[in-house]
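Scroll down for the structure; my scribbles are underneath it.
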Amino acid sequence: MTEINIIKASLGEVAGYLKEYGSIFIVFDENVADLVGKLGVDAKGTLGIEVSEDGKNIQTVMEIDQWLMELGANRDAFLLGIGGGITTDIVGFAASIYKRGIRFGFIPTTLLSQVDAAIGGKNGVNLDSYKNMIGIIRQPEMTFICPEALDSLPYEQILSGAAELLKTFIISNQDDNYERTVKALEAKDIDALKELSGAAAAVKAGVAGRDPDERGERRLLNLGHTFAHSIEKNSEESIGHGQAVSMGMILAARLSEAAGVAEKGLAAKLEADFRKCGMPTECPYTIEELADAMKKDKKAEGSIVHFVLPVRIGEVITRDLTVEEAVDLLK
Ligand SMILES: NC(=O)c1ccc[n+]([C@@H]2O[C@H](COP(=O)([O-])OP(=O)(O)OC[C@H]3O[C@@H](n4cnc5c(N)ncnc54)[C@H](O)[C@@H]3O)[C@@H](O)[C@H]2O)c1
């Protein structure tokens with residue numbers, strides 16, 4: 001069991017939690033530069049980075065480490081990363097290799113990073129066009145879930161984290177929070193979503209803490225992801241991850257019904273709910289078109305894929321199937 005420290009706090013409260021850390025350095029996404037001043041943290045240095053998937057690479061990681069070195073950061077330094085998943089992935093990696101690893105923490109500023117990317121210790125960057133190909137698993141000292149961090153986030157970015165938010169409740173016996181999330185997204189109720197984000201962050205921390213190396217329970221977080229990765233590949237990344245996960249969860253529910261795991265009607269319910277939320281539901285590819293990329297999925301073991309199948313909202317199981325078996329069931 002790994003302790004994963006999630007702290008729900010306002011931006012103004014963060015400094016209080018960091019007073020034990022002597023020398024603090026901050027790396028932030030330039031798009032959230034306004035938040036840095038609201039922290040009141042007495043930092044030895046602050047560095048803004050321009051965020052993009054292209055720039056999420058080892059070069060940026062090395063630039064951060066170079067900057068730390070030039071400012072004389074020691075082994076006792078603490079690096080705080082503020083931004084979405086790109087920033088937290090880069091900062092976690094940079095901190096993990098600087099002087100063989102210094103302590104670090106995050107203030108995630110997108111819904112996706114609050115419920116997923118900034119929790120669980122996976123810190124990786126892209127290598128050429130291969131996503132998250134190099135990295136390290138190392139836990140941040142803490143992840144602050146600050147509701148106000150989402151105030152400036154465009155709604156389209158809220159929607160991009162919506163599928164992971166709903167997924168977290170589907171896998172964790174939280175059907176009530178699932179229904180609340182559907183209502184909140186339908187009404188674009190940001191205050192309710194901020195509350196639900198904190199609840200989902202706690203769920204992810206629990207799952208990742210009990211299974212940090214992804215040998216059992218953590219696999220459940222992959223609900224919809226085998227399909228989603230294949231959809232992203234087929235679309236040459238023009239369909240974003242959040243949209244692909246939305247379509248992927250519906251396909252997983254259809255597979256589950258066909259395999260006799262879920263009751264009939266679950267896929268139709270997810271589809272209706274996701275549509276109300278403004279999320280895409282129709283996968284533009286046939287199952288045969290998805291099959292090829294599914295075989296190459298990094299989480300497949302040989303020809304076997306550990307599919308995560310919903311039994312109902314709140315409960316999922318894993319079922320090992322070959323891609324061919326899944327294709328047959330979905331035809
Ligand atoms: N480590 C993990 O376990 C894990 C899990 C899921 C995703 N990820 C990674 O996360 C990344 C995606 O994360 P993301 O969706 O947060 O993307 P992101 O970091 O690119 O943020 C999305 C956009 O929103 C902007 N932004 C961020 N916070 C803002 C705010 N409060 N107000 C206004 N604009 C803001 C950013 O500048 C960016 O333009 C991917 O690279 C993915 O690989 C990692």
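Following the order of the structure tokens, chains are lettered A, B, ..., residues in each are numbered from 1, and ligands are numbered from 1.
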
Give me the residues within 10 Å of segment 71-78 of chain A as number ranges by chain, counting only C-alpha atoms and dropping any in the same chain fewer than 4 places off. A: 18, 21-26, 43-45, 65-67, 95, 98-105, 141

List as JSON lines every residue of chain A that is in contact with ligand 1, defined as an atom at most 7 Å from one of its atoms (using only C-alpha atoms and all ligand atoms), together with the nearest atom pair and the distance in Å rounded to one decimal, sorted by chain and then rising number.
{"residue": "A:Asp29", "atom": "CA", "partner": "ligand 1", "partner_atom_place_in_ligand_line": "37 (O)", "distance": 5.9}
{"residue": "A:Glu30", "atom": "CA", "partner": "ligand 1", "partner_atom_place_in_ligand_line": "37 (O)", "distance": 6.9}
{"residue": "A:Asn31", "atom": "CA", "partner": "ligand 1", "partner_atom_place_in_ligand_line": "37 (O)", "distance": 4.9}
{"residue": "A:Val32", "atom": "CA", "partner": "ligand 1", "partner_atom_place_in_ligand_line": "30 (C)", "distance": 5.5}
{"residue": "A:Val51", "atom": "CA", "partner": "ligand 1", "partner_atom_place_in_ligand_line": "37 (O)", "distance": 5.5}
{"residue": "A:Ser52", "atom": "CA", "partner": "ligand 1", "partner_atom_place_in_ligand_line": "20 (O)", "distance": 5.9}
{"residue": "A:Glu53", "atom": "CA", "partner": "ligand 1", "partner_atom_place_in_ligand_line": "41 (O)", "distance": 6.0}
{"residue": "A:Gly83", "atom": "CA", "partner": "ligand 1", "partner_atom_place_in_ligand_line": "28 (N)", "distance": 5.1}
{"residue": "A:Gly84", "atom": "CA", "partner": "ligand 1", "partner_atom_place_in_ligand_line": "19 (O)", "distance": 3.2}
{"residue": "A:Gly85", "atom": "CA", "partner": "ligand 1", "partner_atom_place_in_ligand_line": "13 (O)", "distance": 3.3}
{"residue": "A:Ile86", "atom": "CA", "partner": "ligand 1", "partner_atom_place_in_ligand_line": "19 (O)", "distance": 3.9}
{"residue": "A:Thr87", "atom": "CA", "partner": "ligand 1", "partner_atom_place_in_ligand_line": "19 (O)", "distance": 5.5}
{"residue": "A:Asp89", "atom": "CA", "partner": "ligand 1", "partner_atom_place_in_ligand_line": "1 (N)", "distance": 5.5}
{"residue": "A:Thr109", "atom": "CA", "partner": "ligand 1", "partner_atom_place_in_ligand_line": "28 (N)", "distance": 4.3}
{"residue": "A:Thr110", "atom": "CA", "partner": "ligand 1", "partner_atom_place_in_ligand_line": "28 (N)", "distance": 4.7}
{"residue": "A:Leu111", "atom": "CA", "partner": "ligand 1", "partner_atom_place_in_ligand_line": "16 (O)", "distance": 6.9}
{"residue": "A:Leu112", "atom": "CA", "partner": "ligand 1", "partner_atom_place_in_ligand_line": "16 (O)", "distance": 5.1}
{"residue": "A:Ser113", "atom": "CA", "partner": "ligand 1", "partner_atom_place_in_ligand_line": "16 (O)", "distance": 4.7}
{"residue": "A:Asp116", "atom": "CA", "partner": "ligand 1", "partner_atom_place_in_ligand_line": "5 (C)", "distance": 5.2}
{"residue": "A:Ala117", "atom": "CA", "partner": "ligand 1", "partner_atom_place_in_ligand_line": "4 (C)", "distance": 3.4}
{"residue": "A:Ala118", "atom": "CA", "partner": "ligand 1", "partner_atom_place_in_ligand_line": "1 (N)", "distance": 6.0}
{"residue": "A:Ile119", "atom": "CA", "partner": "ligand 1", "partner_atom_place_in_ligand_line": "3 (O)", "distance": 6.5}
{"residue": "A:Gly120", "atom": "CA", "partner": "ligand 1", "partner_atom_place_in_ligand_line": "3 (O)", "distance": 6.2}
{"residue": "A:Gly121", "atom": "CA", "partner": "ligand 1", "partner_atom_place_in_ligand_line": "1 (N)", "distance": 6.7}
{"residue": "A:Lys122", "atom": "CA", "partner": "ligand 1", "partner_atom_place_in_ligand_line": "1 (N)", "distance": 4.3}
{"residue": "A:Asn123", "atom": "CA", "partner": "ligand 1", "partner_atom_place_in_ligand_line": "1 (N)", "distance": 5.1}
{"residue": "A:Gly124", "atom": "CA", "partner": "ligand 1", "partner_atom_place_in_ligand_line": "1 (N)", "distance": 6.5}
{"residue": "A:Lys131", "atom": "CA", "partner": "ligand 1", "partner_atom_place_in_ligand_line": "43 (O)", "distance": 6.6}
{"residue": "A:Asn132", "atom": "CA", "partner": "ligand 1", "partner_atom_place_in_ligand_line": "43 (O)", "distance": 6.2}
{"residue": "A:Ala149", "atom": "CA", "partner": "ligand 1", "partner_atom_place_in_ligand_line": "31 (N)", "distance": 5.1}
{"residue": "A:Leu150", "atom": "CA", "partner": "ligand 1", "partner_atom_place_in_ligand_line": "31 (N)", "distance": 4.7}
{"residue": "A:Asp151", "atom": "CA", "partner": "ligand 1", "partner_atom_place_in_ligand_line": "31 (N)", "distance": 6.3}
{"residue": "A:Ser152", "atom": "CA", "partner": "ligand 1", "partner_atom_place_in_ligand_line": "32 (N)", "distance": 4.1}
{"residue": "A:Leu153", "atom": "CA", "partner": "ligand 1", "partner_atom_place_in_ligand_line": "32 (N)", "distance": 3.6}
{"residue": "A:Pro154", "atom": "CA", "partner": "ligand 1", "partner_atom_place_in_ligand_line": "33 (C)", "distance": 6.1}
{"residue": "A:Gln157", "atom": "CA", "partner": "ligand 1", "partner_atom_place_in_ligand_line": "24 (O)", "distance": 6.3}
{"residue": "A:Ser160", "atom": "CA", "partner": "ligand 1", "partner_atom_place_in_ligand_line": "15 (O)", "distance": 6.6}
{"residue": "A:Gly161", "atom": "CA", "partner": "ligand 1", "partner_atom_place_in_ligand_line": "15 (O)", "distance": 6.7}

Based on the selection just made, write C-alpha atoms of those residues as a compact mmCIF listing (two decimals), in the first residue's frame.
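Result went into out01.txt, see below:
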# COMPACT_ATOMS: atom_id res chain seq x y z
CA ASP A 29 1.98 26.43 -17.25
CA GLU A 30 2.11 30.00 -18.61
CA ASN A 31 -1.65 29.84 -19.17
CA VAL A 32 -2.20 29.70 -15.41
CA VAL A 51 2.52 23.77 -22.89
CA SER A 52 1.97 21.49 -25.88
CA GLU A 53 2.09 17.75 -26.64
CA GLY A 83 -0.88 23.19 -14.65
CA GLY A 84 -2.70 20.46 -16.52
CA GLY A 85 -1.54 16.91 -17.22
CA ILE A 86 1.22 17.97 -19.59
CA THR A 87 2.79 20.15 -16.92
CA ASP A 89 3.88 14.81 -16.25
CA THR A 109 -5.48 22.99 -12.99
CA THR A 110 -7.60 20.97 -15.44
CA LEU A 111 -10.42 18.60 -14.58
CA LEU A 112 -8.49 15.77 -16.27
CA SER A 113 -5.37 16.36 -14.22
CA ASP A 116 -6.42 11.48 -13.25
CA ALA A 117 -3.08 12.76 -14.58
CA ALA A 118 -1.71 14.30 -11.37
CA ILE A 119 -2.56 11.28 -9.21
CA GLY A 120 -0.87 7.91 -9.14
CA GLY A 121 2.80 8.68 -9.75
CA LYS A 122 3.07 8.07 -13.49
CA ASN A 123 5.42 10.77 -14.80
CA GLY A 124 6.25 10.39 -18.45
CA LYS A 131 3.08 9.14 -26.22
CA ASN A 132 4.42 8.79 -22.68
CA ALA A 149 -7.86 26.43 -10.15
CA LEU A 150 -10.67 25.41 -12.53
CA ASP A 151 -12.25 28.89 -12.69
CA SER A 152 -10.40 29.97 -15.82
CA LEU A 153 -10.62 26.59 -17.58
CA PRO A 154 -12.55 26.74 -20.89
CA GLN A 157 -11.41 21.44 -21.39
CA SER A 160 -12.24 16.70 -22.07
CA GLY A 161 -11.94 15.50 -18.44

List the neighbours of Pro212 of chain A out to 10 Å using only C-alpha atoms; skip same-chain residues closer than 6 positions along the sequence, and give me the result as an NGL selection string. :A and (1-4 or 120-122 or 137-139 or 205-206 or 218)

With C-alpha atoms kept, could you save the residues just selected as an mmCIF file, in the first residue's frame?
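The result, stored in again11.cif:
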data_model
loop_
_atom_site.group_PDB
_atom_site.id
_atom_site.type_symbol
_atom_site.label_atom_id
_atom_site.label_comp_id
_atom_site.auth_asym_id
_atom_site.auth_seq_id
_atom_site.Cartn_x
_atom_site.Cartn_y
_atom_site.Cartn_z
ATOM 1 C CA MET A 1 0.000 0.000 0.000
ATOM 2 C CA THR A 2 1.411 3.358 -1.044
ATOM 3 C CA GLU A 3 0.077 6.418 0.732
ATOM 4 C CA ILE A 4 -1.113 8.955 -1.844
ATOM 5 C CA GLY A 120 -0.871 7.915 -9.143
ATOM 6 C CA GLY A 121 2.799 8.676 -9.751
ATOM 7 C CA LYS A 122 3.071 8.072 -13.493
ATOM 8 C CA ILE A 137 6.699 5.904 -11.498
ATOM 9 C CA ARG A 138 7.292 8.051 -8.434
ATOM 10 C CA GLN A 139 4.680 9.587 -6.154
ATOM 11 C CA ALA A 205 -5.702 7.956 -5.058
ATOM 12 C CA GLY A 206 -7.209 4.975 -3.236
ATOM 13 C CA ARG A 218 -5.618 -0.321 -10.930
#

Can you check which residues of segment 216-256 of chain A DSSP gives as helix (DSSP H, G or I) on the backbone and send them as a ChimeraX atom specification? /A:217-222,225-234,241-256

With C-alpha atoms retained, export the selected residues as a JSON list (two decimals), in the first residue's frame.
[["chain", "number", "residue", "atom", "x", "y", "z"],
["A", 217, "GLU", "CA", -7.26, -3.21, -9.07],
["A", 218, "ARG", "CA", -5.62, -0.32, -10.93],
["A", 219, "ARG", "CA", -6.40, -2.06, -14.22],
["A", 220, "LEU", "CA", -10.04, -1.17, -13.61],
["A", 221, "LEU", "CA", -9.14, 2.45, -14.36],
["A", 222, "ASN", "CA", -8.64, 1.32, -17.95],
["A", 225, "HIS", "CA", -9.29, 2.64, -22.74],
["A", 226, "THR", "CA", -8.44, -0.34, -24.99],
["A", 227, "PHE", "CA", -11.08, 0.92, -27.41],
["A", 228, "ALA", "CA", -10.12, 4.55, -26.80],
["A", 229, "HIS", "CA", -6.44, 4.07, -27.65],
["A", 230, "SER", "CA", -7.46, 2.35, -30.85],
["A", 231, "ILE", "CA", -9.90, 5.14, -31.74],
["A", 232, "GLU", "CA", -7.17, 7.75, -31.10],
["A", 233, "LYS", "CA", -4.72, 5.80, -33.31],
["A", 234, "ASN", "CA", -7.26, 5.35, -36.12],
["A", 241, "HIS", "CA", -8.41, 11.21, -25.42],
["A", 242, "GLY", "CA", -11.49, 12.32, -23.44],
["A", 243, "GLN", "CA", -13.76, 11.96, -26.46],
["A", 244, "ALA", "CA", -12.27, 8.55, -27.28],
["A", 245, "VAL", "CA", -12.78, 7.35, -23.69],
["A", 246, "SER", "CA", -16.43, 8.39, -23.91],
["A", 247, "MET", "CA", -16.95, 6.28, -27.06],
["A", 248, "GLY", "CA", -14.74, 3.51, -25.62],
["A", 249, "MET", "CA", -16.83, 3.12, -22.46],
["A", 250, "ILE", "CA", -19.96, 2.65, -24.56],
["A", 251, "LEU", "CA", -18.19, -0.02, -26.63],
["A", 252, "ALA", "CA", -17.03, -1.70, -23.40],
["A", 253, "ALA", "CA", -20.65, -1.73, -22.19],
["A", 254, "ARG", "CA", -21.81, -3.25, -25.50],
["A", 255, "LEU", "CA", -19.11, -5.91, -25.22],
["A", 256, "SER", "CA", -20.15, -6.55, -21.65]]

Within 10 Å of Ala162 of chain A, counting only C-alpha atoms, which residues qualify if same-chain residues fewer than 3 places away don't, as a compact mmCIF listing (two decimals) with all heavy atoms, in the first residue's frame?
# COMPACT_ATOMS: atom_id res chain seq x y z
N LEU A 111 -9.63 19.67 -15.19
CA LEU A 111 -10.42 18.60 -14.58
C LEU A 111 -9.71 17.27 -14.77
O LEU A 111 -9.62 16.45 -13.86
CB LEU A 111 -11.82 18.57 -15.24
CG LEU A 111 -12.79 17.53 -14.70
CD1 LEU A 111 -13.08 17.74 -13.22
CD2 LEU A 111 -14.10 17.53 -15.49
N LEU A 112 -9.17 17.05 -15.99
CA LEU A 112 -8.49 15.77 -16.27
C LEU A 112 -7.32 15.54 -15.32
O LEU A 112 -7.13 14.43 -14.81
CB LEU A 112 -7.99 15.72 -17.72
CG LEU A 112 -7.27 14.42 -18.03
CD1 LEU A 112 -8.27 13.32 -18.32
CD2 LEU A 112 -6.30 14.55 -19.18
N VAL A 115 -8.49 14.72 -11.65
CA VAL A 115 -9.08 13.40 -11.37
C VAL A 115 -8.20 12.25 -11.83
O VAL A 115 -8.43 11.11 -11.49
CB VAL A 115 -10.50 13.24 -11.97
CG1 VAL A 115 -11.41 14.36 -11.51
CG2 VAL A 115 -10.50 13.16 -13.49
N GLU A 156 -14.68 23.56 -22.85
CA GLU A 156 -14.26 22.46 -23.72
C GLU A 156 -13.20 21.57 -23.02
O GLU A 156 -13.16 20.36 -23.18
CB GLU A 156 -13.77 23.11 -25.02
CG GLU A 156 -12.68 22.50 -25.75
CD GLU A 156 -11.88 23.52 -26.60
OE1 GLU A 156 -12.28 24.68 -26.80
OE2 GLU A 156 -10.82 23.11 -27.06
N GLN A 157 -12.39 22.20 -22.18
CA GLN A 157 -11.41 21.44 -21.39
C GLN A 157 -12.08 20.68 -20.24
O GLN A 157 -11.62 19.62 -19.83
CB GLN A 157 -10.31 22.35 -20.84
CG GLN A 157 -9.34 22.87 -21.89
CD GLN A 157 -8.50 21.73 -22.49
OE1 GLN A 157 -8.31 20.68 -21.88
NE2 GLN A 157 -8.03 21.93 -23.70
N ILE A 158 -13.16 21.25 -19.71
CA ILE A 158 -13.94 20.53 -18.69
C ILE A 158 -14.47 19.25 -19.33
O ILE A 158 -14.34 18.15 -18.79
CB ILE A 158 -15.13 21.39 -18.18
CG1 ILE A 158 -14.64 22.63 -17.42
CG2 ILE A 158 -16.10 20.55 -17.35
CD1 ILE A 158 -14.32 22.45 -15.98
N LEU A 159 -15.02 19.40 -20.54
CA LEU A 159 -15.59 18.24 -21.23
C LEU A 159 -14.52 17.20 -21.51
O LEU A 159 -14.80 16.00 -21.50
CB LEU A 159 -16.23 18.67 -22.54
CG LEU A 159 -17.71 19.05 -22.50
CD1 LEU A 159 -18.21 19.33 -23.90
CD2 LEU A 159 -18.56 17.96 -21.84
N LEU A 165 -13.88 11.51 -15.32
CA LEU A 165 -14.62 11.75 -14.08
C LEU A 165 -15.74 10.72 -13.94
O LEU A 165 -15.88 10.06 -12.90
CB LEU A 165 -15.19 13.18 -14.12
CG LEU A 165 -16.01 13.66 -12.94
CD1 LEU A 165 -15.18 13.66 -11.67
CD2 LEU A 165 -16.56 15.07 -13.19
N LEU A 166 -16.53 10.56 -15.01
CA LEU A 166 -17.64 9.59 -14.97
C LEU A 166 -17.09 8.17 -14.79
O LEU A 166 -17.62 7.38 -14.01
CB LEU A 166 -18.45 9.67 -16.26
CG LEU A 166 -19.32 10.93 -16.38
CD1 LEU A 166 -19.73 11.17 -17.83
CD2 LEU A 166 -20.56 10.81 -15.48
N LYS A 167 -15.99 7.88 -15.50
CA LYS A 167 -15.38 6.54 -15.41
C LYS A 167 -15.01 6.20 -13.97
O LYS A 167 -15.25 5.09 -13.50
CB LYS A 167 -14.13 6.50 -16.28
CG LYS A 167 -13.37 5.20 -16.21
CD LYS A 167 -11.89 5.39 -16.53
CE LYS A 167 -11.14 6.01 -15.37
NZ LYS A 167 -9.71 6.23 -15.65
N THR A 168 -14.43 7.18 -13.28
CA THR A 168 -13.97 6.93 -11.90
C THR A 168 -15.14 6.47 -11.02
O THR A 168 -14.99 5.57 -10.20
CB THR A 168 -13.33 8.21 -11.32
OG1 THR A 168 -12.35 8.66 -12.24
CG2 THR A 168 -12.67 7.95 -9.99
N THR A 181 -22.83 13.62 -11.45
CA THR A 181 -21.94 14.17 -12.49
C THR A 181 -22.72 14.38 -13.79
O THR A 181 -22.55 15.41 -14.45
CB THR A 181 -20.74 13.21 -12.73
OG1 THR A 181 -20.10 12.98 -11.49
CG2 THR A 181 -19.74 13.82 -13.70
N VAL A 182 -23.57 13.43 -14.13
CA VAL A 182 -24.37 13.59 -15.35
C VAL A 182 -25.21 14.87 -15.24
O VAL A 182 -25.24 15.69 -16.16
CB VAL A 182 -25.28 12.35 -15.60
CG1 VAL A 182 -26.24 12.59 -16.76
CG2 VAL A 182 -24.43 11.10 -15.86
N LEU A 185 -22.98 18.02 -15.48
CA LEU A 185 -22.50 18.29 -16.85
C LEU A 185 -23.64 18.79 -17.72
O LEU A 185 -23.47 19.70 -18.54
CB LEU A 185 -21.87 17.03 -17.45
CG LEU A 185 -20.48 16.66 -16.89
CD1 LEU A 185 -20.11 15.23 -17.24
CD2 LEU A 185 -19.40 17.62 -17.39
N LEU A 193 -19.28 20.40 -10.25
CA LEU A 193 -18.19 19.62 -10.84
C LEU A 193 -16.92 19.74 -10.00
O LEU A 193 -16.15 18.78 -9.89
CB LEU A 193 -17.93 20.07 -12.28
CG LEU A 193 -19.03 19.64 -13.27
CD1 LEU A 193 -18.87 20.35 -14.61
CD2 LEU A 193 -19.03 18.12 -13.49
N SER A 197 -15.01 16.57 -8.59
CA SER A 197 -13.61 16.37 -8.95
C SER A 197 -12.81 15.93 -7.72
O SER A 197 -12.00 15.00 -7.78
CB SER A 197 -13.06 17.69 -9.52
OG SER A 197 -11.70 17.56 -9.79
N GLY A 242 -10.22 12.30 -24.19
CA GLY A 242 -11.49 12.32 -23.44
C GLY A 242 -12.66 11.87 -24.31
O GLY A 242 -13.51 11.08 -23.87
N GLN A 243 -12.68 12.35 -25.55
CA GLN A 243 -13.76 11.96 -26.46
C GLN A 243 -13.69 10.46 -26.76
O GLN A 243 -14.70 9.76 -26.79
CB GLN A 243 -13.63 12.71 -27.79
CG GLN A 243 -13.78 14.21 -27.66
CD GLN A 243 -13.43 14.88 -28.98
OE1 GLN A 243 -12.30 14.75 -29.45
NE2 GLN A 243 -14.38 15.56 -29.56
N VAL A 245 -12.40 8.14 -24.87
CA VAL A 245 -12.78 7.35 -23.69
C VAL A 245 -14.31 7.28 -23.57
O VAL A 245 -14.89 6.24 -23.20
CB VAL A 245 -12.15 7.91 -22.40
CG1 VAL A 245 -12.70 7.22 -21.15
CG2 VAL A 245 -10.63 7.75 -22.44
N SER A 246 -14.97 8.38 -23.93
CA SER A 246 -16.43 8.39 -23.91
C SER A 246 -16.98 7.31 -24.85
O SER A 246 -17.80 6.46 -24.46
CB SER A 246 -16.90 9.79 -24.30
OG SER A 246 -18.27 9.82 -24.56
N PHE A 274 -24.28 10.16 -21.71
CA PHE A 274 -23.12 10.88 -22.24
C PHE A 274 -23.59 11.94 -23.25
O PHE A 274 -23.01 13.01 -23.33
CB PHE A 274 -22.12 9.92 -22.91
CG PHE A 274 -21.42 8.97 -21.97
CD1 PHE A 274 -21.70 8.97 -20.61
CD2 PHE A 274 -20.48 8.06 -22.44
CE1 PHE A 274 -21.06 8.09 -19.73
CE2 PHE A 274 -19.83 7.18 -21.58
CZ PHE A 274 -20.13 7.19 -20.22
N CYS A 277 -24.64 14.96 -21.57
CA CYS A 277 -23.48 15.69 -21.04
C CYS A 277 -22.73 16.46 -22.13
O CYS A 277 -21.81 17.22 -21.83
CB CYS A 277 -22.48 14.72 -20.41
SG CYS A 277 -23.12 13.87 -18.97
N GLY A 278 -23.09 16.21 -23.38
CA GLY A 278 -22.38 16.89 -24.48
C GLY A 278 -21.13 16.13 -24.91
O GLY A 278 -20.23 16.70 -25.54
N MET A 279 -21.07 14.85 -24.55
CA MET A 279 -19.90 14.04 -24.93
C MET A 279 -20.23 13.21 -26.17
O MET A 279 -21.37 12.82 -26.36
CB MET A 279 -19.52 13.10 -23.76
CG MET A 279 -18.94 13.84 -22.59
SD MET A 279 -19.19 13.00 -21.02
CE MET A 279 -18.54 11.39 -21.33

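For the pair atom CA of Ala192 of chain A and atom CA of Asp273 of chain A, the interatomic distance is 17.0 Å.
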
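Reported to one decimal place, the separation of atom CA of Gly240 of chain A from atom CA of Tyr285 of chain A is 14.8 Å.
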
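The space separating atom CA of Gly314 of chain A from atom CA of Pro280 of chain A comes to 21.3 Å.
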
Would you mind writing down, as an mmCIF file with C-alpha atoms, in the first residue's frame, each residue of segment 61-288 of chain A that DSSP on the backbone assigns to strand (DSSP E or B)?
data_model
loop_
_atom_site.group_PDB
_atom_site.id
_atom_site.type_symbol
_atom_site.label_atom_id
_atom_site.label_comp_id
_atom_site.auth_asym_id
_atom_site.auth_seq_id
_atom_site.Cartn_x
_atom_site.Cartn_y
_atom_site.Cartn_z
ATOM 1 C CA ALA A 77 14.642 21.171 -2.872
ATOM 2 C CA PHE A 78 10.907 20.814 -3.438
ATOM 3 C CA LEU A 79 9.485 21.294 -6.932
ATOM 4 C CA LEU A 80 5.854 22.368 -7.265
ATOM 5 C CA GLY A 81 4.197 21.857 -10.658
ATOM 6 C CA ILE A 82 1.121 23.936 -11.522
ATOM 7 C CA GLY A 83 -0.883 23.194 -14.647
ATOM 8 C CA ARG A 103 10.546 15.877 -3.625
ATOM 9 C CA PHE A 104 7.728 17.319 -5.661
ATOM 10 C CA GLY A 105 4.030 18.170 -5.548
ATOM 11 C CA PHE A 106 1.295 19.310 -7.893
ATOM 12 C CA ILE A 107 -1.521 21.780 -8.192
ATOM 13 C CA PRO A 108 -3.469 20.336 -11.141
ATOM 14 C CA LYS A 122 3.071 8.072 -13.493
ATOM 15 C CA ASN A 123 5.420 10.767 -14.798
ATOM 16 C CA GLY A 124 6.252 10.392 -18.454
ATOM 17 C CA VAL A 125 6.952 12.342 -21.625
ATOM 18 C CA ASN A 126 6.711 11.609 -25.331
ATOM 19 C CA LEU A 127 9.549 10.192 -27.414
ATOM 20 C CA TYR A 130 5.180 7.918 -29.125
ATOM 21 C CA LYS A 131 3.082 9.137 -26.221
ATOM 22 C CA ASN A 132 4.424 8.795 -22.678
ATOM 23 C CA MET A 133 7.133 6.442 -23.935
ATOM 24 C CA ILE A 134 9.746 7.380 -21.328
ATOM 25 C CA GLY A 135 9.175 8.123 -17.689
ATOM 26 C CA ILE A 136 9.175 6.900 -14.163
ATOM 27 C CA ILE A 137 6.699 5.904 -11.498
ATOM 28 C CA MET A 142 1.068 15.763 -2.265
ATOM 29 C CA THR A 143 -1.460 16.812 -4.883
ATOM 30 C CA PHE A 144 -3.556 19.852 -4.012
ATOM 31 C CA ILE A 145 -7.084 19.857 -5.369
#

From the options A:Asp292, A:Glu324, A:Glu148, A:Asp54, which residue's atoms come nearest to Glu13 of chain A, counting only C-alpha atoms? A:Glu148

Selection: 8 Å around segment 35-40 of chain A, only C-alpha atoms, excl. self and same-chain fewer than 4 positions, as a VMD selection string: chain A and resid 11 to 15 28 149

Output for the residues just chosen: C-alpha atoms as a PDB file, in the first residue's frame:
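This went into selection_4.pdb:
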ATOM      1  CA  LEU A  11      -4.967  28.287  -3.338  1.00  0.00           C
ATOM      2  CA  GLY A  12      -4.344  30.569  -0.365  1.00  0.00           C
ATOM      3  CA  GLU A  13      -3.981  27.582   1.956  1.00  0.00           C
ATOM      4  CA  VAL A  14      -1.237  25.853  -0.044  1.00  0.00           C
ATOM      5  CA  ALA A  15       1.633  27.883   1.493  1.00  0.00           C
ATOM      6  CA  PHE A  28       3.906  26.515 -14.013  1.00  0.00           C
ATOM      7  CA  ALA A 149      -7.859  26.429 -10.149  1.00  0.00           C
TER       8      ALA A 149
END
